[in-house]
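Trainee: Okay, handing you the structure first.
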Amino acid sequence: MRVSNTPSRRTNTRPAPQRERVVTLLFEYLERLRIHFFTAAERHELTAVQAKAIMSLEVPTPMRGMAQCLSCDPSNITGVVNRLEERGLVARVEGTTDRRVKHLTLTHEGARIRRSLLKSLRVHVPGINELNAEELSCLERALAALCKAQESRSGHE
């Protein structure tokens with residue numbers, strides 16, 4: 001039987017102060033990303049909620065699904081959708097199986113705004129351009145590991 005000298009990924013060998021510093025830095029960077037998101041939304045003349053709605057519309061989505069995606073009550077989504085519809089960015093379409101269900105779909109202009117918003121969110125990310133290839137690779141691996149750990153944990157709850 002062969003025993004490995006490397007600690008298991010599940011074993012937390014990092015000292016608590018280091019974990020605390022990492023979490024503090026994650027929240028500090030998250031705040032910068034939040035500001036980046038609000039700024040990009042504003043540049044596209046959208047509120048943050050409108051921008052999140054536009055970004056979530058890859059495929060036609062029922063109003064109730066949009067509310068779930070935005071973590072709000074379905075009654076609250078109506079005002080957001082009304083304003084997006086007034087700007088010609090989304091359209092309400094009757095469901096094919098249930099005409100009472102309204103699906104939201106992006107118009108051509110809405111799809112253009114979505115592409116532009118996503119591009120500006122991904123291209124001008126605070127600090128990312130200052131990282132070298134090795135730092136980017138390390139960050140990518142670490143974030144992927146965090147996401148994977150959360151996914152596997154969610155699957156067991």
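Letters A, B, ... mark the chains of the structure tokens in the order given; residue numbers begin at 1 per chain; ligand numbers begin at 1, in order shown.
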Neighbours of Gly79 (chain A) within 12 Å (only C-alpha atoms; same-chain residues fewer than 5 positions away dropped), as a PDB file with N, CA, C and O atoms, in the first residue's frame?
Mentor:
ATOM      1  N   VAL A  49     -30.637  45.861 -11.832  1.00  0.00           N
ATOM      2  CA  VAL A  49     -31.642  44.801 -11.987  1.00  0.00           C
ATOM      3  C   VAL A  49     -31.975  44.594 -13.465  1.00  0.00           C
ATOM      4  O   VAL A  49     -32.099  43.462 -13.926  1.00  0.00           O
ATOM      5  N   GLN A  50     -32.105  45.689 -14.217  1.00  0.00           N
ATOM      6  CA  GLN A  50     -32.371  45.567 -15.647  1.00  0.00           C
ATOM      7  C   GLN A  50     -31.211  44.859 -16.352  1.00  0.00           C
ATOM      8  O   GLN A  50     -31.430  44.007 -17.217  1.00  0.00           O
ATOM      9  N   ALA A  53     -31.372  41.214 -15.646  1.00  0.00           N
ATOM     10  CA  ALA A  53     -32.463  40.617 -16.422  1.00  0.00           C
ATOM     11  C   ALA A  53     -32.028  40.396 -17.867  1.00  0.00           C
ATOM     12  O   ALA A  53     -32.225  39.314 -18.421  1.00  0.00           O
ATOM     13  N   MET A  63     -41.899  34.732 -17.121  1.00  0.00           N
ATOM     14  CA  MET A  63     -41.769  35.818 -16.141  1.00  0.00           C
ATOM     15  C   MET A  63     -41.403  35.241 -14.770  1.00  0.00           C
ATOM     16  O   MET A  63     -40.537  35.779 -14.096  1.00  0.00           O
ATOM     17  N   ALA A  67     -38.126  36.035 -12.385  1.00  0.00           N
ATOM     18  CA  ALA A  67     -38.209  36.430 -10.976  1.00  0.00           C
ATOM     19  C   ALA A  67     -37.314  35.532 -10.126  1.00  0.00           C
ATOM     20  O   ALA A  67     -36.588  36.017  -9.243  1.00  0.00           O
ATOM     21  N   CYS A  72     -36.430  37.539  -6.776  1.00  0.00           N
ATOM     22  CA  CYS A  72     -37.455  38.481  -6.344  1.00  0.00           C
ATOM     23  C   CYS A  72     -38.838  37.892  -6.580  1.00  0.00           C
ATOM     24  O   CYS A  72     -38.985  36.888  -7.278  1.00  0.00           O
ATOM     25  N   ASP A  73     -39.814  38.521  -6.010  1.00  0.00           N
ATOM     26  CA  ASP A  73     -41.193  38.084  -6.174  1.00  0.00           C
ATOM     27  C   ASP A  73     -41.646  38.361  -7.606  1.00  0.00           C
ATOM     28  O   ASP A  73     -41.282  39.387  -8.181  1.00  0.00           O
ATOM     29  N   PRO A  74     -42.447  37.445  -8.197  1.00  0.00           N
ATOM     30  CA  PRO A  74     -42.915  37.670  -9.574  1.00  0.00           C
ATOM     31  C   PRO A  74     -43.610  39.014  -9.773  1.00  0.00           C
ATOM     32  O   PRO A  74     -43.499  39.624 -10.839  1.00  0.00           O
ATOM     33  N   LEU A  84     -38.046  47.691 -19.569  1.00  0.00           N
ATOM     34  CA  LEU A  84     -37.240  47.107 -20.649  1.00  0.00           C
ATOM     35  C   LEU A  84     -38.044  47.022 -21.941  1.00  0.00           C
ATOM     36  O   LEU A  84     -37.516  47.258 -23.036  1.00  0.00           O
ATOM     37  N   GLU A  85     -39.317  46.713 -21.809  1.00  0.00           N
ATOM     38  CA  GLU A  85     -40.196  46.631 -22.978  1.00  0.00           C
ATOM     39  C   GLU A  85     -40.393  48.015 -23.600  1.00  0.00           C
ATOM     40  O   GLU A  85     -40.362  48.163 -24.825  1.00  0.00           O
ATOM     41  N   GLU A  86     -40.556  49.048 -22.765  1.00  0.00           N
ATOM     42  CA  GLU A  86     -40.705  50.422 -23.254  1.00  0.00           C
ATOM     43  C   GLU A  86     -39.484  50.861 -24.055  1.00  0.00           C
ATOM     44  O   GLU A  86     -39.605  51.621 -25.014  1.00  0.00           O
TER      45      GLU A  86
END
Trainee: Considering only C-alpha atoms, can you say which of A:Leu143, A:Ile35, A:Ala91, A:Cys69 comes closest to Leu104 (chain A)?
Mentor: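 Of A:Leu143, A:Ile35, A:Ala91, A:Cys69, the one nearest Leu104 (chain A), counting only C-alpha atoms, is A:Ala91.
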Trainee: Write out as a tab-separated table (two decimals) with N, CA, C and O atoms, in the first residue's frame all residues of region 14-157 of chain A that backbone DSSP assigns to strand (DSSP E or B).
Mentor:
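Contents of the output file out-v9.tsv:
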chain	number	residue	atom	x	y	z
A	61	THR	N	-37.70	33.13	-21.54
A	61	THR	CA	-37.86	32.73	-20.15
A	61	THR	C	-39.21	33.19	-19.63
A	61	THR	O	-39.58	34.34	-19.84
A	62	PRO	N	-39.94	32.32	-18.93
A	62	PRO	CA	-41.20	32.76	-18.33
A	62	PRO	C	-40.93	33.86	-17.30
A	62	PRO	O	-39.86	33.91	-16.68
A	90	VAL	N	-36.94	44.05	-24.65
A	90	VAL	CA	-37.55	42.73	-24.46
A	90	VAL	C	-38.98	42.76	-24.99
A	90	VAL	O	-39.58	43.83	-25.15
A	91	ALA	N	-39.48	41.58	-25.25
A	91	ALA	CA	-40.87	41.43	-25.67
A	91	ALA	C	-41.49	40.30	-24.86
A	91	ALA	O	-40.80	39.35	-24.48
A	92	ARG	N	-42.77	40.44	-24.59
A	92	ARG	CA	-43.52	39.36	-23.94
A	92	ARG	C	-44.18	38.53	-25.03
A	92	ARG	O	-44.83	39.07	-25.92
A	93	VAL	N	-44.02	37.22	-24.95
A	93	VAL	CA	-44.57	36.31	-25.94
A	93	VAL	C	-45.40	35.27	-25.21
A	93	VAL	O	-44.97	34.75	-24.18
A	94	GLU	N	-46.60	34.97	-25.75
A	94	GLU	CA	-47.44	33.95	-25.12
A	94	GLU	C	-46.75	32.60	-25.18
A	94	GLU	O	-46.10	32.26	-26.17
A	102	LYS	N	-46.47	34.21	-19.84
A	102	LYS	CA	-45.75	35.11	-20.74
A	102	LYS	C	-44.25	34.82	-20.65
A	102	LYS	O	-43.68	34.78	-19.57
A	103	HIS	N	-43.67	34.61	-21.82
A	103	HIS	CA	-42.23	34.38	-21.90
A	103	HIS	C	-41.57	35.69	-22.31
A	103	HIS	O	-42.08	36.41	-23.16
A	104	LEU	N	-40.42	35.95	-21.73
A	104	LEU	CA	-39.65	37.14	-22.09
A	104	LEU	C	-38.59	36.72	-23.10
A	104	LEU	O	-37.93	35.70	-22.94
A	105	THR	N	-38.46	37.53	-24.11
A	105	THR	CA	-37.44	37.29	-25.13
A	105	THR	C	-36.78	38.60	-25.48
A	105	THR	O	-37.40	39.66	-25.40
A	106	LEU	N	-35.52	38.54	-25.82
A	106	LEU	CA	-34.80	39.74	-26.23
A	106	LEU	C	-35.20	40.13	-27.65
A	106	LEU	O	-35.37	39.27	-28.51
Trainee: I want to know what sits within 8 Å of region 112-122 of chain A, based on only C-alpha atoms, with residues of the same chain fewer than 5 positions away left out; could you give that as a PDB file with all heavy atoms, in the first residue's frame?
Mentor:
ATOM      1  N   HIS A  36     -17.814  47.639 -10.856  1.00  0.00           N
ATOM      2  CA  HIS A  36     -17.600  47.435 -12.300  1.00  0.00           C
ATOM      3  C   HIS A  36     -18.928  47.103 -12.984  1.00  0.00           C
ATOM      4  O   HIS A  36     -19.247  47.653 -14.036  1.00  0.00           O
ATOM      5  CB  HIS A  36     -16.570  46.313 -12.490  1.00  0.00           C
ATOM      6  CG  HIS A  36     -16.355  45.880 -13.891  1.00  0.00           C
ATOM      7  ND1 HIS A  36     -15.890  46.719 -14.883  1.00  0.00           N
ATOM      8  CD2 HIS A  36     -16.523  44.668 -14.479  1.00  0.00           C
ATOM      9  CE1 HIS A  36     -15.784  46.041 -16.011  1.00  0.00           C
ATOM     10  NE2 HIS A  36     -16.175  44.796 -15.797  1.00  0.00           N
ATOM     11  N   PHE A  37     -19.710  46.216 -12.382  1.00  0.00           N
ATOM     12  CA  PHE A  37     -21.003  45.828 -12.942  1.00  0.00           C
ATOM     13  C   PHE A  37     -21.955  47.023 -12.996  1.00  0.00           C
ATOM     14  O   PHE A  37     -22.581  47.279 -14.021  1.00  0.00           O
ATOM     15  CB  PHE A  37     -21.621  44.694 -12.112  1.00  0.00           C
ATOM     16  CG  PHE A  37     -22.972  44.284 -12.606  1.00  0.00           C
ATOM     17  CD1 PHE A  37     -23.100  43.451 -13.700  1.00  0.00           C
ATOM     18  CD2 PHE A  37     -24.122  44.752 -11.985  1.00  0.00           C
ATOM     19  CE1 PHE A  37     -24.354  43.081 -14.178  1.00  0.00           C
ATOM     20  CE2 PHE A  37     -25.375  44.392 -12.448  1.00  0.00           C
ATOM     21  CZ  PHE A  37     -25.493  43.552 -13.554  1.00  0.00           C
ATOM     22  N   ALA A  40     -20.883  49.419 -15.758  1.00  0.00           N
ATOM     23  CA  ALA A  40     -21.205  48.906 -17.097  1.00  0.00           C
ATOM     24  C   ALA A  40     -22.704  49.021 -17.361  1.00  0.00           C
ATOM     25  O   ALA A  40     -23.120  49.411 -18.455  1.00  0.00           O
ATOM     26  CB  ALA A  40     -20.744  47.455 -17.232  1.00  0.00           C
ATOM     27  N   ALA A  41     -23.521  48.696 -16.368  1.00  0.00           N
ATOM     28  CA  ALA A  41     -24.978  48.811 -16.528  1.00  0.00           C
ATOM     29  C   ALA A  41     -25.356  50.263 -16.808  1.00  0.00           C
ATOM     30  O   ALA A  41     -26.141  50.543 -17.720  1.00  0.00           O
ATOM     31  CB  ALA A  41     -25.681  48.303 -15.272  1.00  0.00           C
ATOM     32  N   HIS A  44     -24.809  51.501 -20.229  1.00  0.00           N
ATOM     33  CA  HIS A  44     -25.818  51.002 -21.160  1.00  0.00           C
ATOM     34  C   HIS A  44     -27.214  51.524 -20.810  1.00  0.00           C
ATOM     35  O   HIS A  44     -28.216  51.035 -21.310  1.00  0.00           O
ATOM     36  CB  HIS A  44     -25.802  49.473 -21.173  1.00  0.00           C
ATOM     37  CG  HIS A  44     -24.586  48.911 -21.828  1.00  0.00           C
ATOM     38  ND1 HIS A  44     -23.393  48.754 -21.169  1.00  0.00           N
ATOM     39  CD2 HIS A  44     -24.383  48.488 -23.091  1.00  0.00           C
ATOM     40  CE1 HIS A  44     -22.502  48.257 -21.998  1.00  0.00           C
ATOM     41  NE2 HIS A  44     -23.067  48.083 -23.171  1.00  0.00           N
ATOM     42  N   ALA A  51     -29.986  45.193 -15.969  1.00  0.00           N
ATOM     43  CA  ALA A  51     -28.815  44.555 -16.577  1.00  0.00           C
ATOM     44  C   ALA A  51     -28.802  43.057 -16.268  1.00  0.00           C
ATOM     45  O   ALA A  51     -28.530  42.243 -17.152  1.00  0.00           O
ATOM     46  CB  ALA A  51     -27.536  45.217 -16.080  1.00  0.00           C
ATOM     47  N   ILE A  54     -31.428  41.398 -18.472  1.00  0.00           N
ATOM     48  CA  ILE A  54     -30.960  41.290 -19.859  1.00  0.00           C
ATOM     49  C   ILE A  54     -29.933  40.161 -19.977  1.00  0.00           C
ATOM     50  O   ILE A  54     -29.980  39.351 -20.902  1.00  0.00           O
ATOM     51  CB  ILE A  54     -30.338  42.634 -20.333  1.00  0.00           C
ATOM     52  CG1 ILE A  54     -31.406  43.710 -20.459  1.00  0.00           C
ATOM     53  CG2 ILE A  54     -29.545  42.467 -21.617  1.00  0.00           C
ATOM     54  CD1 ILE A  54     -32.278  43.606 -21.674  1.00  0.00           C
ATOM     55  N   MET A  55     -28.998  40.100 -19.033  1.00  0.00           N
ATOM     56  CA  MET A  55     -27.950  39.084 -19.085  1.00  0.00           C
ATOM     57  C   MET A  55     -28.512  37.670 -18.938  1.00  0.00           C
ATOM     58  O   MET A  55     -27.955  36.729 -19.489  1.00  0.00           O
ATOM     59  CB  MET A  55     -26.910  39.348 -17.993  1.00  0.00           C
ATOM     60  CG  MET A  55     -26.049  40.557 -18.282  1.00  0.00           C
ATOM     61  SD  MET A  55     -24.957  41.015 -16.919  1.00  0.00           S
ATOM     62  CE  MET A  55     -24.171  39.483 -16.533  1.00  0.00           C
ATOM     63  N   LEU A  89     -36.245  46.560 -25.591  1.00  0.00           N
ATOM     64  CA  LEU A  89     -35.179  45.577 -25.363  1.00  0.00           C
ATOM     65  C   LEU A  89     -35.711  44.162 -25.156  1.00  0.00           C
ATOM     66  O   LEU A  89     -35.000  43.192 -25.418  1.00  0.00           O
ATOM     67  CB  LEU A  89     -34.324  45.993 -24.161  1.00  0.00           C
ATOM     68  CG  LEU A  89     -33.675  47.375 -24.272  1.00  0.00           C
ATOM     69  CD1 LEU A  89     -32.884  47.704 -23.016  1.00  0.00           C
ATOM     70  CD2 LEU A  89     -32.804  47.469 -25.513  1.00  0.00           C
TER      71      LEU A  89
END
Trainee: Set out as a tab-separated table a contact list for region 52-137 of chain A and region 17-32 of chain A with a cut-off of 10 Å, giving each residue of region 52-137 of chain A that qualifies its closest atom pair and distance in Å to one decimal, counting only C-alpha atoms, ordered by chain and rising residue number.
Mentor:
residue	atom	partner	partner_atom	distance
A:Val125	CA	A:Arg32	CA	9.1
A:Pro126	CA	A:Arg32	CA	7.0
A:Gly127	CA	A:Tyr29	CA	9.3
Trainee: Write out as a PyMOL selection string all residues of chain A that DSSP puts in alpha helix (DSSP H) for this structure's backbone.
Mentor: chain A and resi 16-43+48-56+63-69+74-86+108-123+133-155
Trainee: Between A:Ala133, A:Glu42, A:Ala111, A:Met66, which residue has the minimum interatomic distance to Gly88 (chain A), considering only C-alpha atoms?
Mentor: A:Ala111
Trainee: If you count only C-alpha atoms, which residues fall within 9 Å of Phe38 (chain A), apart from same-chain ones fewer than 5 positions away, as a PDB file with N, CA and C atoms, in the first residue's frame?
Mentor:
ATOM      1  N   LEU A  33     -15.740  44.293  -8.307  1.00  0.00           N
ATOM      2  CA  LEU A  33     -16.539  43.730  -9.395  1.00  0.00           C
ATOM      3  C   LEU A  33     -17.968  44.281  -9.380  1.00  0.00           C
ATOM      4  N   ARG A  43     -23.516  52.622 -18.104  1.00  0.00           N
ATOM      5  CA  ARG A  43     -23.069  52.991 -19.454  1.00  0.00           C
ATOM      6  C   ARG A  43     -24.073  52.556 -20.517  1.00  0.00           C
ATOM      7  N   LEU A  46     -28.892  51.228 -18.055  1.00  0.00           N
ATOM      8  CA  LEU A  46     -29.684  50.212 -17.374  1.00  0.00           C
ATOM      9  C   LEU A  46     -29.449  50.301 -15.873  1.00  0.00           C
ATOM     10  N   THR A  47     -30.467  49.948 -15.110  1.00  0.00           N
ATOM     11  CA  THR A  47     -30.247  49.765 -13.683  1.00  0.00           C
ATOM     12  C   THR A  47     -29.572  48.407 -13.512  1.00  0.00           C
ATOM     13  N   ALA A  48     -29.066  48.141 -12.331  1.00  0.00           N
ATOM     14  CA  ALA A  48     -28.422  46.846 -12.079  1.00  0.00           C
ATOM     15  C   ALA A  48     -29.405  45.697 -12.288  1.00  0.00           C
ATOM     16  N   ALA A  51     -29.986  45.193 -15.969  1.00  0.00           N
ATOM     17  CA  ALA A  51     -28.815  44.555 -16.577  1.00  0.00           C
ATOM     18  C   ALA A  51     -28.802  43.057 -16.268  1.00  0.00           C
TER      19      ALA A  51
END
